[in-house]
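Asks: So I've got this file, my_file22.json, and it contains JSON, C-alpha atoms:
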```json
[["chain", "number", "residue", "atom", "x", "y", "z"],
["A", 73, "ASN", "CA", 34.55, -64.80, 37.54],
["A", 74, "ALA", "CA", 33.56, -63.35, 40.92],
["A", 75, "GLU", "CA", 32.59, -59.98, 39.46],
["A", 76, "GLY", "CA", 30.34, -61.63, 36.88],
["A", 77, "GLU", "CA", 28.71, -63.81, 39.53],
["A", 78, "SER", "CA", 28.07, -60.73, 41.69],
["A", 79, "GLU", "CA", 26.48, -58.86, 38.79],
["A", 80, "SER", "CA", 24.35, -61.87, 37.93],
["A", 81, "ARG", "CA", 23.14, -62.06, 41.50],
["A", 82, "TRP", "CA", 22.04, -58.44, 41.47],
["A", 83, "LYS", "CA", 20.05, -58.98, 38.28],
["A", 84, "ARG", "CA", 17.99, -61.69, 39.93],
["A", 85, "MET", "CA", 17.66, -60.06, 43.36],
["A", 86, "SER", "CA", 14.13, -59.22, 44.50],
["A", 87, "THR", "CA", 13.14, -56.66, 47.10],
["A", 88, "ILE", "CA", 10.40, -57.49, 49.60],
["A", 89, "ILE", "CA", 8.79, -54.45, 51.19],
["A", 90, "ALA", "CA", 6.69, -55.10, 54.29],
["A", 91, "ILE", "CA", 4.86, -51.86, 55.09],
["A", 92, "LYS", "CA", 4.07, -51.37, 58.76],
["A", 93, "GLY", "CA", 1.89, -48.78, 60.45],
["A", 94, "THR", "CA", -1.11, -48.36, 62.67],
["A", 95, "ASN", "CA", -4.74, -47.93, 61.62],
["A", 96, "GLY", "CA", -5.20, -44.71, 59.65],
["A", 97, "SER", "CA", -1.57, -44.42, 58.61],
["A", 98, "GLY", "CA", -2.50, -44.86, 54.96],
["A", 99, "LYS", "CA", -0.89, -48.23, 54.19],
["A", 100, "SER", "CA", -3.68, -49.38, 51.89],
["A", 101, "SER", "CA", -3.73, -46.00, 50.12],
["A", 102, "VAL", "CA", 0.00, -46.26, 49.47],
["A", 103, "VAL", "CA", -0.36, -49.72, 47.93],
["A", 104, "ARG", "CA", -3.35, -48.62, 45.85],
["A", 105, "ALA", "CA", -1.28, -45.69, 44.55],
["A", 106, "LEU", "CA", 1.52, -48.10, 43.63],
["A", 107, "MET", "CA", -0.87, -50.35, 41.69],
["A", 108, "ALA", "CA", -2.45, -47.36, 39.96],
["A", 109, "HIS", "CA", 1.01, -46.19, 38.90],
["A", 110, "LEU", "CA", 2.19, -49.58, 37.67],
["A", 111, "GLY", "CA", -1.07, -50.89, 36.27],
["A", 112, "LYS", "CA", -2.63, -54.12, 37.53],
["A", 113, "ALA", "CA", -1.73, -56.93, 35.12],
["A", 114, "ALA", "CA", -3.30, -59.98, 36.76],
["A", 115, "THR", "CA", -5.05, -61.20, 39.90],
["A", 116, "LEU", "CA", -3.36, -63.78, 42.13],
["A", 117, "THR", "CA", -5.38, -66.47, 43.87],
["A", 118, "PHE", "CA", -4.53, -68.65, 46.85],
["A", 119, "ASN", "CA", -6.80, -71.53, 47.89],
["A", 120, "THR", "CA", -9.22, -70.31, 45.18],
["A", 121, "LYS", "CA", -9.53, -66.86, 46.83],
["A", 122, "GLU", "CA", -8.22, -63.51, 45.63],
["A", 123, "ALA", "CA", -4.91, -62.93, 47.38],
["A", 124, "GLY", "CA", -3.01, -60.28, 45.43],
["A", 125, "TYR", "CA", -2.01, -58.80, 42.10],
["A", 126, "ARG", "CA", 0.82, -58.92, 39.57],
["A", 127, "CYS", "CA", 2.06, -55.62, 38.14],
["A", 128, "LYS", "CA", 4.83, -54.67, 35.73],
["A", 129, "TYR", "CA", 7.58, -52.17, 36.52],
["A", 130, "GLY", "CA", 9.58, -51.74, 33.33],
["A", 131, "GLU", "CA", 11.09, -55.16, 32.68],
["A", 132, "GLN", "CA", 10.53, -56.19, 36.29],
["A", 133, "THR", "CA", 7.52, -57.71, 38.03],
["A", 134, "VAL", "CA", 6.02, -56.38, 41.26],
["A", 135, "PHE", "CA", 3.65, -58.59, 43.23],
["A", 136, "VAL", "CA", 1.21, -57.00, 45.68],
["A", 137, "LEU", "CA", -0.17, -59.36, 48.31],
["A", 138, "GLY", "CA", -3.54, -58.67, 49.90],
["A", 139, "LYS", "CA", -7.07, -57.96, 48.71],
["A", 140, "TYR", "CA", -8.13, -54.40, 47.94],
["A", 141, "LYS", "CA", -11.87, -54.62, 47.42],
["A", 142, "SER", "CA", -12.79, -52.75, 50.63],
["A", 143, "ALA", "CA", -11.65, -49.39, 52.01],
["A", 144, "CYS", "CA", -8.99, -50.93, 54.23],
["A", 145, "GLY", "CA", -7.69, -53.91, 52.26],
["A", 146, "GLY", "CA", -4.24, -55.39, 52.69],
["A", 147, "LEU", "CA", -3.08, -58.68, 54.14],
["A", 148, "ASP", "CA", -5.59, -58.48, 56.97],
["A", 149, "SER", "CA", -8.38, -59.02, 54.42],
["A", 150, "SER", "CA", -6.73, -62.07, 52.83],
["A", 151, "PHE", "CA", -4.44, -63.70, 55.40],
["A", 152, "SER", "CA", -6.19, -63.35, 58.77],
["A", 153, "TYR", "CA", -7.26, -66.94, 59.43],
["A", 154, "LYS", "CA", -5.59, -69.54, 61.65],
["A", 155, "GLY", "CA", -2.35, -70.67, 60.02],
["A", 156, "ALA", "CA", -2.30, -67.66, 57.70],
["A", 157, "ALA", "CA", 1.23, -66.68, 58.72],
["A", 158, "ASP", "CA", 2.74, -69.83, 57.25],
["A", 159, "ASP", "CA", 0.71, -69.44, 54.06],
["A", 160, "LEU", "CA", 1.69, -65.79, 53.66],
["A", 161, "LEU", "CA", 5.40, -66.39, 54.13],
["A", 162, "LEU", "CA", 5.20, -69.29, 51.68],
["A", 163, "CYS", "CA", 3.53, -67.00, 49.13],
["A", 164, "ILE", "CA", 6.15, -64.28, 49.59],
["A", 165, "ASP", "CA", 8.94, -66.83, 49.24],
["A", 166, "LYS", "CA", 7.52, -68.23, 45.99],
["A", 167, "LEU", "CA", 6.77, -64.81, 44.49],
["A", 168, "ALA", "CA", 10.16, -63.33, 45.42],
["A", 169, "ALA", "CA", 11.74, -65.90, 43.11],
["A", 170, "LYS", "CA", 9.92, -64.15, 40.23],
["A", 171, "GLY", "CA", 9.87, -60.47, 41.20],
["A", 172, "HIS", "CA", 9.59, -57.81, 43.89],
["A", 173, "VAL", "CA", 6.91, -58.20, 46.58],
["A", 174, "VAL", "CA", 4.94, -55.55, 48.50],
["A", 175, "CYS", "CA", 2.63, -56.29, 51.42],
["A", 176, "GLU", "CA", 1.02, -54.40, 54.29],
["A", 177, "GLY", "CA", -1.27, -55.03, 57.23],
["A", 178, "VAL", "CA", -1.87, -54.16, 60.87],
["A", 179, "ILE", "CA", -2.26, -57.77, 62.03],
["A", 180, "ALA", "CA", -0.19, -59.54, 59.40],
["A", 181, "ILE", "CA", 3.64, -59.41, 59.59],
["A", 182, "THR", "CA", 3.70, -57.23, 62.73],
["A", 183, "SER", "CA", 2.03, -59.90, 64.84],
["A", 184, "TYR", "CA", 4.02, -62.85, 63.51],
["A", 185, "GLY", "CA", 6.73, -62.51, 66.12],
["A", 186, "PHE", "CA", 10.27, -61.19, 65.92],
["A", 187, "GLY", "CA", 11.90, -64.60, 65.53],
["A", 188, "ARG", "CA", 9.65, -65.76, 62.71],
["A", 189, "VAL", "CA", 9.99, -62.64, 60.55],
["A", 190, "THR", "CA", 13.75, -62.27, 61.09],
["A", 191, "ARG", "CA", 14.38, -65.92, 60.23],
["A", 192, "PHE", "CA", 12.36, -65.37, 57.08],
["A", 193, "ALA", "CA", 14.31, -62.19, 56.22],
["A", 194, "ALA", "CA", 17.61, -64.03, 56.75],
["A", 195, "LYS", "CA", 16.39, -66.87, 54.54],
["A", 196, "GLN", "CA", 15.62, -64.38, 51.76],
["A", 197, "GLU", "CA", 19.10, -62.85, 52.05],
["A", 198, "ARG", "CA", 20.63, -66.29, 51.56],
["A", 199, "LYS", "CA", 18.55, -66.61, 48.39],
["A", 200, "GLY", "CA", 19.86, -63.29, 47.08],
["A", 201, "ASN", "CA", 16.72, -61.31, 47.93],
["A", 202, "HIS", "CA", 16.34, -58.44, 50.38],
["A", 203, "MET", "CA", 13.60, -57.62, 52.86],
["A", 204, "ILE", "CA", 12.78, -54.07, 53.93],
["A", 205, "PHE", "CA", 10.63, -53.44, 56.99],
["A", 206, "ALA", "CA", 9.12, -50.06, 56.14],
["A", 207, "HIS", "CA", 7.40, -47.88, 58.74],
["A", 208, "LEU", "CA", 4.93, -45.49, 57.15],
["A", 209, "ASP", "CA", 5.64, -42.43, 59.30],
["A", 210, "THR", "CA", 2.24, -40.75, 59.27],
["A", 211, "PRO", "CA", 1.93, -38.63, 62.47],
["A", 212, "ALA", "CA", -0.13, -40.26, 65.20],
["A", 213, "ASP", "CA", -2.59, -37.36, 65.46],
["A", 214, "LEU", "CA", -3.33, -37.62, 61.72],
["A", 215, "CYS", "CA", -3.88, -41.40, 62.08],
["A", 216, "ILE", "CA", -6.38, -40.74, 64.88],
["A", 217, "GLU", "CA", -8.23, -38.13, 62.83],
["A", 218, "ARG", "CA", -8.45, -40.46, 59.84],
["A", 219, "VAL", "CA", -9.82, -43.31, 61.95],
["A", 220, "ARG", "CA", -12.43, -41.00, 63.48],
["A", 221, "GLN", "CA", -13.49, -39.85, 60.01],
["A", 222, "ARG", "CA", -13.57, -43.41, 58.70],
["A", 223, "ARG", "CA", -15.78, -44.53, 61.59],
["A", 224, "LYS", "CA", -18.10, -41.55, 61.08],
["A", 225, "GLU", "CA", -18.49, -42.29, 57.37],
["A", 226, "ALA", "CA", -19.23, -45.94, 58.16],
["A", 227, "GLY", "CA", -21.86, -44.98, 60.74],
["A", 228, "ASN", "CA", -19.87, -46.66, 63.53],
["A", 229, "GLN", "CA", -21.31, -45.35, 66.81],
["A", 230, "LYS", "CA", -19.12, -47.44, 69.12],
["A", 231, "PRO", "CA", -16.81, -45.49, 71.45],
["A", 232, "PHE", "CA", -13.37, -44.86, 69.99],
["A", 233, "ASN", "CA", -10.38, -45.00, 72.33],
["A", 234, "PRO", "CA", -7.38, -43.31, 70.68],
["A", 235, "GLU", "CA", -5.11, -44.71, 73.40],
["A", 236, "GLN", "CA", -5.30, -48.13, 71.78],
["A", 237, "LEU", "CA", -4.16, -46.66, 68.46],
["A", 238, "LEU", "CA", -1.31, -44.82, 70.19],
["A", 239, "GLN", "CA", -0.22, -48.06, 71.82],
["A", 240, "LYS", "CA", -0.10, -49.73, 68.38],
["A", 241, "TYR", "CA", 1.84, -46.76, 67.03],
["A", 242, "GLU", "CA", 4.45, -47.08, 69.79],
["A", 243, "SER", "CA", 4.58, -50.83, 69.28],
["A", 244, "VAL", "CA", 5.52, -50.39, 65.61],
["A", 245, "LEU", "CA", 8.27, -47.94, 66.58],
["A", 246, "ARG", "CA", 9.68, -50.39, 69.13],
["A", 247, "SER", "CA", 9.52, -53.22, 66.61],
["A", 248, "GLN", "CA", 11.44, -51.17, 64.04],
["A", 249, "GLU", "CA", 14.11, -50.24, 66.58],
["A", 250, "LYS", "CA", 14.52, -53.89, 67.59],
["A", 251, "LEU", "CA", 14.92, -54.91, 63.94],
["A", 252, "ARG", "CA", 17.55, -52.20, 63.35],
["A", 253, "GLU", "CA", 19.48, -53.20, 66.45],
["A", 254, "ALA", "CA", 19.55, -56.80, 65.20],
["A", 255, "GLY", "CA", 20.98, -55.67, 61.85],
["A", 256, "TYR", "CA", 17.86, -55.89, 59.70],
["A", 257, "ASP", "CA", 16.79, -53.24, 57.20],
["A", 258, "ALA", "CA", 14.09, -51.30, 59.06],
["A", 259, "ARG", "CA", 13.43, -47.98, 57.34],
["A", 260, "ILE", "CA", 11.10, -45.04, 57.35],
["A", 261, "LEU", "CA", 8.67, -44.84, 54.44],
["A", 262, "PRO", "CA", 7.90, -41.10, 54.23],
["A", 263, "HIS", "CA", 4.13, -40.58, 54.26],
["A", 264, "GLU", "CA", 4.53, -37.47, 52.08],
["A", 265, "GLU", "CA", 6.23, -39.29, 49.17],
["A", 266, "PRO", "CA", 5.80, -43.05, 49.64],
["A", 267, "LEU", "CA", 5.35, -44.00, 45.98],
["A", 268, "GLN", "CA", 8.59, -42.54, 44.64],
["A", 269, "THR", "CA", 10.44, -43.85, 47.67],
["A", 270, "MET", "CA", 9.31, -47.43, 47.03],
["A", 271, "LEU", "CA", 10.17, -47.17, 43.33],
["A", 272, "ARG", "CA", 13.70, -46.09, 44.32],
["A", 273, "TRP", "CA", 13.97, -49.05, 46.66],
["A", 274, "PHE", "CA", 13.12, -51.44, 43.84],
["A", 275, "SER", "CA", 16.08, -50.03, 41.89],
["A", 276, "GLU", "CA", 18.61, -50.11, 44.72],
["A", 277, "ARG", "CA", 21.89, -51.92, 44.36],
["A", 278, "GLY", "CA", 24.49, -52.50, 47.04],
["A", 279, "SER", "CA", 26.15, -55.38, 48.82],
["A", 280, "PRO", "CA", 24.26, -58.70, 48.99],
["A", 281, "THR", "CA", 23.89, -58.24, 52.74],
["A", 282, "HIS", "CA", 22.51, -54.73, 52.96],
["A", 283, "PRO", "CA", 23.46, -52.74, 56.06],
["A", 284, "SER", "CA", 20.64, -51.65, 58.31],
["A", 285, "LEU", "CA", 19.37, -48.30, 57.06],
["A", 286, "ALA", "CA", 17.29, -45.70, 58.83],
["A", 287, "LEU", "CA", 16.47, -43.20, 56.09]]
```
Please, can you express the file's structure as structure tokens?
Replies:
Amino acid sequence: NAEGESESRWKRMSTIIAIKGTNGSGKSSVVRALMAHLGKAATLTFNTKEAGYRCKYGEQTVFVLGKYKSACGGLDSSFSYKGAADDLLLCIDKLAAKGHVVCEGVIAITSYGFGRVTRFAAKQERKGNHMIFAHLDTPADLCIERVRQRRKEAGNQKPFNPEQLLQKYESVLRSQEKLREAGYDARILPHEEPLQTMLRWFSERGSPTHPSLAL
């Protein structure tokens, strides 16, 4: 019956969380905290290179895309070559058929263009999955301070222009607003409790076509 079909669909639905934020917002730290909490079960490879990890969350599977061998990590370390956008979206599509997916990056996702990412999100909805565009809301002044500290620790003597970071910060905010206005699920990921927030998102249930939420 219809009720049984609806329940069955929810059991197989995967959540895709694309974490967005500027340099210094803590995206990689959030994903590392998630993997530390869940426990890394296996390494994923793509074209013979390390591209992500498989973790277990109770009876569910959570895939993390990106390489986390360096301080920054994320998609930018694994999917930053020409044609990487198509490969990344293909990977997300394949993995979402088997479990939840988490990814983050400054270049990746954000730079793929509004049309490409929204078409992909709509495609996932039709498959019974759900995509969340999550803005990690670390204050801009804290992001700037973190980048300055990171550069100092790395011995980077090149001039640092915080205006460029602020422009990226504003760009993410505009992107999120555009997604919300178009009816996509663009949310705030609180920088003070990102881990528990993401775990709640994995457990969410609602209508197959989630309303746009600004938490």
Asks: How many Å separate CA of Ile91 in chain A from CA of Ala206 in chain A?
Replies: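 Taking CA of Ile91 in chain A as the start and CA of Ala206 in chain A as the end point, the length is 4.7 Å.
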Asks: Using only C-alpha atoms for the distances, tell me which of A:Gln132, A:Thr87, A:Ser275, A:Thr120 is nearest to Ile164 in chain A.
Replies: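 For Ile164 in chain A, the nearest of the candidates is A:Thr87.
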Asks: Using all atoms listed in the file, find each residue of range 175-231 of chain A with at least one atom at most 8 Å away from an atom of range 247-264 of chain A; report its shortest atom-to-atom pair and that distance in Å (one decimal), sort the rows by chain and rising residue number, and return the result as JSON lines.
Replies:
```
{"residue": "A:Thr190", "atom": "CA", "partner": "A:Tyr256", "partner_atom": "CA", "distance": 7.7}
{"residue": "A:Met203", "atom": "CA", "partner": "A:Asp257", "partner_atom": "CA", "distance": 6.9}
{"residue": "A:Ile204", "atom": "CA", "partner": "A:Asp257", "partner_atom": "CA", "distance": 5.2}
{"residue": "A:Phe205", "atom": "CA", "partner": "A:Ala258", "partner_atom": "CA", "distance": 4.6}
{"residue": "A:Ala206", "atom": "CA", "partner": "A:Arg259", "partner_atom": "CA", "distance": 4.9}
{"residue": "A:His207", "atom": "CA", "partner": "A:Ile260", "partner_atom": "CA", "distance": 4.9}
{"residue": "A:Leu208", "atom": "CA", "partner": "A:Leu261", "partner_atom": "CA", "distance": 4.7}
{"residue": "A:Asp209", "atom": "CA", "partner": "A:His263", "partner_atom": "CA", "distance": 5.6}
{"residue": "A:Thr210", "atom": "CA", "partner": "A:His263", "partner_atom": "CA", "distance": 5.4}
```
Asks: Give me, as JSON lines, the closest atom pair and its distance (Å, one decimal) for every residue of range 243-280 of chain A within a cut-off of 9 Å of range 96-119 of chain A, counting all atoms listed in the file, rows sorted by chain and rising number.
Replies:
```
{"residue": "A:His263", "atom": "CA", "partner": "A:Gly98", "partner_atom": "CA", "distance": 7.9}
{"residue": "A:Pro266", "atom": "CA", "partner": "A:Val102", "partner_atom": "CA", "distance": 6.6}
{"residue": "A:Leu267", "atom": "CA", "partner": "A:Leu106", "partner_atom": "CA", "distance": 6.1}
{"residue": "A:Met270", "atom": "CA", "partner": "A:Leu106", "partner_atom": "CA", "distance": 8.5}
{"residue": "A:Leu271", "atom": "CA", "partner": "A:Leu106", "partner_atom": "CA", "distance": 8.7}
```
Asks: Enclose the full set of atoms of range 257-265 of chain A listed in the file within a box whose edges lie along x, y and z, apply 6 Å of padding to each of the six sides, and report centre and edge lengths in Å to one decimal as JSON.
Replies:
```
{"center_x": 10.5, "center_y": -45.4, "center_z": 54.1, "size_x": 24.7, "size_y": 27.8, "size_z": 21.9}
```
Asks: For each of A:Gly187, A:Ala169, A:Trp273, A:Leu160, take the minimum atom-to-atom distance to Gly200 in chain A, counting all atoms listed in the file, then give the residue where this is smallest.
Replies: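 Smallest separation from Gly200 in chain A among the options: A:Ala169.
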Asks: Please, what distance in Å, to one decimal, runs between CA of Ala168 in chain A and CA of Gly93 in chain A?
Replies: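 Answer for the CA of Ala168 in chain A to CA of Gly93 in chain A separation: 22.5 Å.
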Asks: Could you state the separation of CA of Ala157 in chain A and CA of Arg218 in chain A in Å, given to one decimal place?
Replies: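 Distance between the two atoms: 28.0 Å.
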